[in-house]
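**Q** Structure below; questions to follow.
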Number of protein chains: 2
Amino acid sequence: LKKALLALGNVLSPDEISTDESTRLSYGQDWTRFSHPDPEVVLRPRTLDQLQAIVRLAIEFQAKIVPSGGRTGLAGGAVASHREWVVSLERFKRIEPVDALDLSIRCEAGVTLLELQEQLRNSLWHWPVDLASKGSAQIGGLLSTNAGGLRVVRYGHVRRWVQSITLVDGTGNIQVLNGELDKNNSGYNFRELVIGAEGTLGIIASAQLKLTRRPRDLLHVLSPLNSIGECLELLAEVRNSALDLEAFEFFSKACVAAVLQNRADLKSLPEANWYCLWTWDTATEDPLSCLSTQPLPGGSLVATDIEAKDLWAYRESITESLALRGWVYKHDVSVPPRQLSSFVKDLEILCAKIYSEFEVFLFGHLADGNVHINIVGPRSVAAEEFLRECESKNADLYSLVKAYSGSCAAEHGIGILKKQELLLTRGPTQVEWMRLVKASLDPHQIFNPGKIFDKSAELHS
Amino acid sequence: LKKALLALGNVLSPDEISTDESTRLSYGQDWTRFSHPDPEVVLRPRTLDQLQAIVRLAIEFQAKIVPSGGRTGLAGGAVASHREWVVSLERFKRIEPVDALDLSIRCEAGVTLLELQEQLRNSLWHWPVDLASKGSAQIGGLLSTNAGGLRVVRYGHVRRWVQSITLVDGTGNIQVLNGELDKNNSGYNFRELVIGAEGTLGIIASAQLKLTRRPRDLLHVLSPLNSIGECLELLAEVRNSALDLEAFEFFSKACVAAVLQNRADLKSLPEANWYCLWTWDTATEDPLSCLSTQPLPGGSLVATDIEAKDLWAYRESITESLALRGWVYKHDVSVPPRQLSSFVKDLEILCAKIYSEFEVFLFGHLADGNVHINIVGPRSVAAEEFLRECESKNADLYSLVKAYSGSCAAEHGIGILKKQELLLTRGPTQVEWMRLVKASLDPHQIFNPGKIFDKSAELHS
């Protein structure tokens, strides 16, 4: 270690190398919480040259690197618990002006989503990715996890809005994946492979992002409904209207109750088993006029963009309200949307059985078939015990997901937490393909050990 | 061979196996023309079971497979000239009804783009990919080449509109890449790797395609301009209007002259060096009203959707008009759009020098930075000689493309024709990555030998 630190000291200044306990603990974990962070050192370089030098030293000293962004992940993808070098990109902060011809913007990996949004605030154009964690989530992490969020129904994932990636690869080379080209059909597309690879194929240093026109006049509707079947009927109707959908969310009665317990400032909602909350791009000066041709379910609440915060508070306070109740174990699954009604029925029966001692909260992105299943346990139980208890039920839960041809990770990724489930839902052949590709492109096996498919590091050591 | 044919006869009926000369010659080449087709056999299976059986027999008999669609490619990607088995998907014709909840449609690989468009004619939704070759181009080929076309400026490439792919892989396994899921962030995305891989990683049997809302009222404008700089200024202005761009094309004076020689029914256009042709989605009942706020360059011609054919005839007749003039050698390059003006100036100087004995025609997709450079030579020269003459200039031409950080294949792909240029513009590291991935995922090296990066088969044997 001493030799490695000396060598690192030749390329980094002292404030860019941290080995103190509190920095190590803080940078060694993400929002998953269930982990025992123990990185060897935390590195916070400022330049691409430094980043490249770090990777070359890692090769020389046979060290492992955990690339680190805002660490808002929920699957342990940024956890470092086996003496890795955490390489934080938080000082890669440059944003260039918008290229108005190409509708793109270049920025470095450490820029947060909120900072990017601020930069584009007065522009006709925006980067249409939006997430609750935007104040912390960084561009490098958003690309590495192919983040989803609230607007996938209209804009798809992060993947769609990336033109070019500059990466330091596993041999210490700097690779530009695609360059500043809108069109480039020249062999295998490695940009698409790196997006969503959770930092296992290299460190993203910067990216060129594609922009699109900002929606003009949004209209928000919250509807109380009695079944997922009714929610899906509403979705089909709303899809067939002349307006473009910007979001279509759902959450259960139990979620609303938890939010109201936490947020005394919110009014109670009309009684219902489920609530749908959606946004339309009306593209008109008078958004409310659109409702004259579109009948809404009884009890629906409507808001223009200015008052929208009140409606979205019910949806966006769920995560924080559950965290206040106790330990939270998160599943993030998806199934084909048309199967959601049947899937949720089976899911409720199964959850009542396997999680009988805990509370279960269902919410998510209806139009994407994406259900967040949050299991809440009392703080009187030890965190480790709660985690183990929940994990012991995963075989049952993911058998159901598998039966519906679903995914074990709709948007949160695999990280450390969902490796078993990956094997079940994607099958051994595709996981073997991942291992083969990883072995080829990261020949020294430097990047983010123990994640996705790599058995070398487990959460419980 | 006899043994192999006997074995194939056990899984295919006689009309599904062809060894006659004319079928072999016809299925062994694509629209590139410069090739010496010589496949061993042409197979036209009807079912996924047969397709899988063919791949397993190819492994057993150490045969190579060239997956075959509409064979409209322009880079030799579907050429079979070394005793390969051509496997045509043209009998994979099933199209399922639209899934209105998920906005998707499933169809088999042999469905042509035109057949898909017909199926969706009366729907609110469409698959927004459009190409001149739509009557022949098949879904499997469109995905394998990540086709571009006229609407990339608004909708991007084929890649964006694919949810799921069913593939027979190099070990004879059937792989479903993604399943019917809108959201699935579970490890490496192999769907994205297969799209654009030109049939080197497996045979696509079917796909689930994503749909989007059909644009409503289009407005088309053709403007005569004096320089590429003026064209780019116009593009920036048009981008900043309140309307969404659906296409933005350009072509040279020489292209118009060639079209007018061929198409006596077309009127001559106002004198200019360059012409821009673009389409707006006006989303209004009265498209022409949009022009009151948008000044157009002098001499511009305007058409509503009904009269649009007249304007588009100038653009869409270029390829056929050039084919009538003589042999055509095609370059399909892209550069960052903001560099187009400087690039085209350098390109014109270079072309005047290196192609002094031939005619040069420039046209393409301005907003994508995509320039089609078509070199036309007289039929009095032998085809082979013309090809060799053009290829001898490639080092000069692609050095210029490389100097602008451009791509040697914006939308046509690499196939057999652009392998040298791939090495120059993407660099040896990324080409090596391609070889490593290919070796891992197609371990018997069965699929589409000699393409993209594989030196095993050359055009001139």
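Chain identifiers are assigned as A, B, and so on, following the order in which chains appear in the structure tokens; residues are numbered from 1 within each chain, and ligands are numbered from 1 in order of appearance.
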Counting only C-alpha atoms, a student should be able to say which residues of chain A come within 8 Å of chain B; what is the right answer, written as a VMD selection string?

**A** chain A and resid 100 to 102 124 145 to 146 148 160 179 to 190 192 to 194 196 to 198 232 235 to 236 239 to 240 334 to 338 367 to 370 405 to 414 422 426 433 to 434 436 to 437 440 to 441 452 to 453

**Q** Tell me, as a PyMOL selection string, which residues lie within 9 Å of Trp127 of chain A, counting only C-alpha atoms; anything in the same chain fewer than 3 positions away does not count.

**A** chain A and resi 104+116-117+120+130+161+209-214

**Q** Pick from A:Gln294, A:Ser13, A:Gln138, A:Thr319: nearest to Leu362 of chain A, with only C-alpha atoms counted?

**A**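 Ranked by minimum distance to Leu362 of chain A, first place goes to A:Thr319.
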
**Q** Please indicate the distance in Å from atom CA of Glu389 of chain B to atom CA of Ala257 of chain B, rounded to one decimal place.

**A** 25.0 Å

**Q** Could you check the closest approach to Leu218 of chain A for each of A:Val302, A:Val66, A:Leu143, A:Ala383 and tell me which residue wins, using only C-alpha atoms?

**A**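 Using only C-alpha atoms, Leu218 of chain A sits closest to A:Val302.
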
**Q** Among segment 195-387 of chain A, which ones does DSSP assign to helix (DSSP H, G or I) (computed from the backbone)? Answer as JSON, numbers by chain.

**A** {"A": [228, 229, 230, 231, 232, 233, 234, 235, 236, 237, 238, 239, 240, 253, 254, 255, 256, 257, 258, 259, 260, 261, 262, 287, 288, 289, 290, 291, 292, 293, 305, 306, 307, 308, 309, 310, 311, 312, 313, 314, 315, 316, 318, 319, 320, 321, 322, 323, 324, 325, 337, 338, 339, 340, 341, 342, 343, 344, 345, 346, 347, 348, 349, 350, 351, 352, 353, 354, 366, 367, 368, 383, 384, 385, 386, 387]}

**Q** Which residues come within 9 Å of His444 of chain B, counting only C-alpha atoms, excluding same-chain residues fewer than 4 positions away, as a ChimeraX atom specification?

**A** /B:59,62,170-171,439

**Q** With N, CA and C atoms retained, write the just-selected residues as a PDB file, in the first residue's frame.

**A**
```pdb
ATOM      1  N   ILE B  59     -22.897 -25.789 -37.308  1.00  0.00           N
ATOM      2  CA  ILE B  59     -21.834 -26.085 -36.340  1.00  0.00           C
ATOM      3  C   ILE B  59     -21.268 -27.474 -36.613  1.00  0.00           C
ATOM      4  N   GLN B  62     -19.318 -27.536 -39.846  1.00  0.00           N
ATOM      5  CA  GLN B  62     -18.355 -26.431 -39.944  1.00  0.00           C
ATOM      6  C   GLN B  62     -18.638 -25.517 -41.140  1.00  0.00           C
ATOM      7  N   GLY B 170     -24.752 -18.268 -31.779  1.00  0.00           N
ATOM      8  CA  GLY B 170     -23.699 -19.073 -32.389  1.00  0.00           C
ATOM      9  C   GLY B 170     -23.507 -20.454 -31.785  1.00  0.00           C
ATOM     10  N   THR B 171     -24.246 -20.749 -30.714  1.00  0.00           N
ATOM     11  CA  THR B 171     -24.203 -22.116 -30.198  1.00  0.00           C
ATOM     12  C   THR B 171     -25.503 -22.845 -30.518  1.00  0.00           C
ATOM     13  N   ALA B 439     -15.402 -13.281 -30.938  1.00  0.00           N
ATOM     14  CA  ALA B 439     -14.835 -14.586 -30.582  1.00  0.00           C
ATOM     15  C   ALA B 439     -15.568 -15.187 -29.386  1.00  0.00           C
TER      16      ALA B 439
END
```

**Q** Give me, as a PyMOL selection string, the residues of segment 127-342 of chain A that a backbone DSSP run labels strand (DSSP E or B).

**A** chain A and resi 138+162-168+174-177+203-210+212-213+218-225+244-252+274-281+301-304+327-334

**Q** When distances are computed from only C-alpha atoms, which of A:Ala352, A:Ile373, A:Val344, A:Ala264 shows the smallest separation from Tyr404 of chain A?

**A**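 Distance minimum relative to Tyr404 of chain A lands on A:Val344.
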
**Q** For segment 76-81 of chain B, find every residue with an atom within 6 Å (counting only C-alpha atoms), except residues of its own chain fewer than 6 positions away, and show them as a PyMOL selection string.

**A** chain B and resi 28-30+32+36-39+415-416

**Q** Rounded to one decimal place, report the atom CA of Trp278 of chain A-atom CA of Gly364 of chain A distance in Å.

**A**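 Atom-to-atom, atom CA of Trp278 of chain A to atom CA of Gly364 of chain A, that is 11.8 Å.
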
**Q** Counting only C-alpha atoms, what is within 9 Å of Cys255 of chain A, bar same-chain residues fewer than 2 positions away, as number ranges by chain?

**A** A: 251-253, 257-260, 314-315, 318, 321-322, 361-363

**Q** At a cut-off of 8 Å, using only C-alpha atoms, what residues contact segment 40-49 of chain A? Leave out same-chain residues fewer than 2 positions from it and give the result as an MDAnalysis selection string.

**A** chainID A and resid 12 16:19 23:24 27 38 51:53 82:92 205

**Q** Generate the output file for the selected residues, N, CA, C and O atoms, as a compact mmCIF listing (two decimals), in the first residue's frame.

**A**
```txt
# COMPACT_ATOMS: atom_id res chain seq x y z
N LEU A 12 -1.29 12.86 -8.07
CA LEU A 12 -2.39 13.58 -7.42
C LEU A 12 -1.82 14.47 -6.32
O LEU A 12 -0.80 14.14 -5.72
N GLU A 16 -6.31 15.36 -3.01
CA GLU A 16 -7.00 14.46 -3.94
C GLU A 16 -6.88 12.99 -3.51
O GLU A 16 -7.40 12.11 -4.18
N ILE A 17 -6.17 12.76 -2.42
CA ILE A 17 -5.99 11.39 -1.90
C ILE A 17 -6.44 11.35 -0.45
O ILE A 17 -5.87 12.06 0.38
N SER A 18 -7.44 10.54 -0.13
CA SER A 18 -7.90 10.49 1.27
C SER A 18 -7.88 9.06 1.78
O SER A 18 -8.42 8.15 1.13
N THR A 19 -7.28 8.89 2.97
CA THR A 19 -7.31 7.57 3.59
C THR A 19 -7.93 7.62 4.98
O THR A 19 -7.95 6.62 5.69
N THR A 23 -13.91 9.64 5.48
CA THR A 23 -14.03 9.74 4.02
C THR A 23 -14.17 8.35 3.42
O THR A 23 -15.02 8.11 2.54
N ARG A 24 -13.37 7.42 3.90
CA ARG A 24 -13.44 6.06 3.38
C ARG A 24 -14.83 5.46 3.59
O ARG A 24 -15.42 4.88 2.68
N TYR A 27 -17.48 7.38 1.26
CA TYR A 27 -17.37 7.12 -0.18
C TYR A 27 -17.43 5.64 -0.52
O TYR A 27 -17.47 5.28 -1.70
N ASP A 38 -15.37 -0.45 3.10
CA ASP A 38 -13.98 -0.56 3.52
C ASP A 38 -13.01 -0.39 2.34
O ASP A 38 -12.22 -1.28 2.04
N LEU A 51 -6.82 10.76 -14.23
CA LEU A 51 -7.69 9.58 -14.24
C LEU A 51 -6.99 8.41 -14.94
O LEU A 51 -6.99 7.27 -14.46
N GLN A 52 -6.38 8.71 -16.07
CA GLN A 52 -5.66 7.69 -16.81
C GLN A 52 -4.48 7.15 -15.99
O GLN A 52 -4.25 5.94 -15.92
N ALA A 53 -3.77 8.06 -15.32
CA ALA A 53 -2.62 7.65 -14.50
C ALA A 53 -3.07 6.73 -13.37
O ALA A 53 -2.39 5.74 -13.04
N HIS A 82 -13.99 -4.10 -0.13
CA HIS A 82 -12.88 -5.06 -0.16
C HIS A 82 -11.58 -4.37 -0.52
O HIS A 82 -10.88 -4.82 -1.41
N ARG A 83 -11.28 -3.26 0.14
CA ARG A 83 -10.01 -2.55 -0.02
C ARG A 83 -9.78 -2.05 -1.45
O ARG A 83 -8.64 -1.97 -1.92
N GLU A 84 -10.85 -1.68 -2.13
CA GLU A 84 -10.72 -1.11 -3.47
C GLU A 84 -10.26 0.35 -3.40
O GLU A 84 -10.31 0.98 -2.34
N TRP A 85 -9.84 0.88 -4.53
CA TRP A 85 -9.63 2.32 -4.67
C TRP A 85 -10.96 2.92 -5.17
O TRP A 85 -11.41 2.60 -6.27
N VAL A 86 -11.55 3.79 -4.37
CA VAL A 86 -12.73 4.52 -4.86
C VAL A 86 -12.23 5.71 -5.66
O VAL A 86 -11.44 6.51 -5.16
N VAL A 87 -12.67 5.81 -6.91
CA VAL A 87 -12.29 6.96 -7.72
C VAL A 87 -13.54 7.81 -7.94
O VAL A 87 -14.42 7.46 -8.74
N SER A 88 -13.62 8.91 -7.20
CA SER A 88 -14.77 9.79 -7.30
C SER A 88 -14.55 10.80 -8.42
O SER A 88 -13.48 11.39 -8.54
N LEU A 89 -15.59 11.00 -9.22
CA LEU A 89 -15.49 11.95 -10.35
C LEU A 89 -16.05 13.32 -9.97
O LEU A 89 -16.23 14.17 -10.84
N GLU A 90 -16.28 13.56 -8.67
CA GLU A 90 -17.02 14.77 -8.28
C GLU A 90 -16.34 16.07 -8.66
O GLU A 90 -16.97 17.12 -8.63
N ARG A 91 -15.04 16.02 -8.99
CA ARG A 91 -14.37 17.25 -9.39
C ARG A 91 -14.30 17.42 -10.91
O ARG A 91 -13.67 18.35 -11.41
N PHE A 92 -14.90 16.51 -11.62
CA PHE A 92 -15.04 16.65 -13.09
C PHE A 92 -16.33 17.43 -13.34
O PHE A 92 -17.39 16.85 -13.53
N ALA A 205 -15.42 9.55 -18.16
CA ALA A 205 -14.84 10.84 -17.77
C ALA A 205 -15.72 12.01 -18.20
O ALA A 205 -15.85 13.00 -17.49
```

**Q** Distance atom CA of Ala58 of chain B-atom CA of Ala4 of chain B, one decimal place?

**A**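 Distance reported for this atom pair: 8.4 Å.
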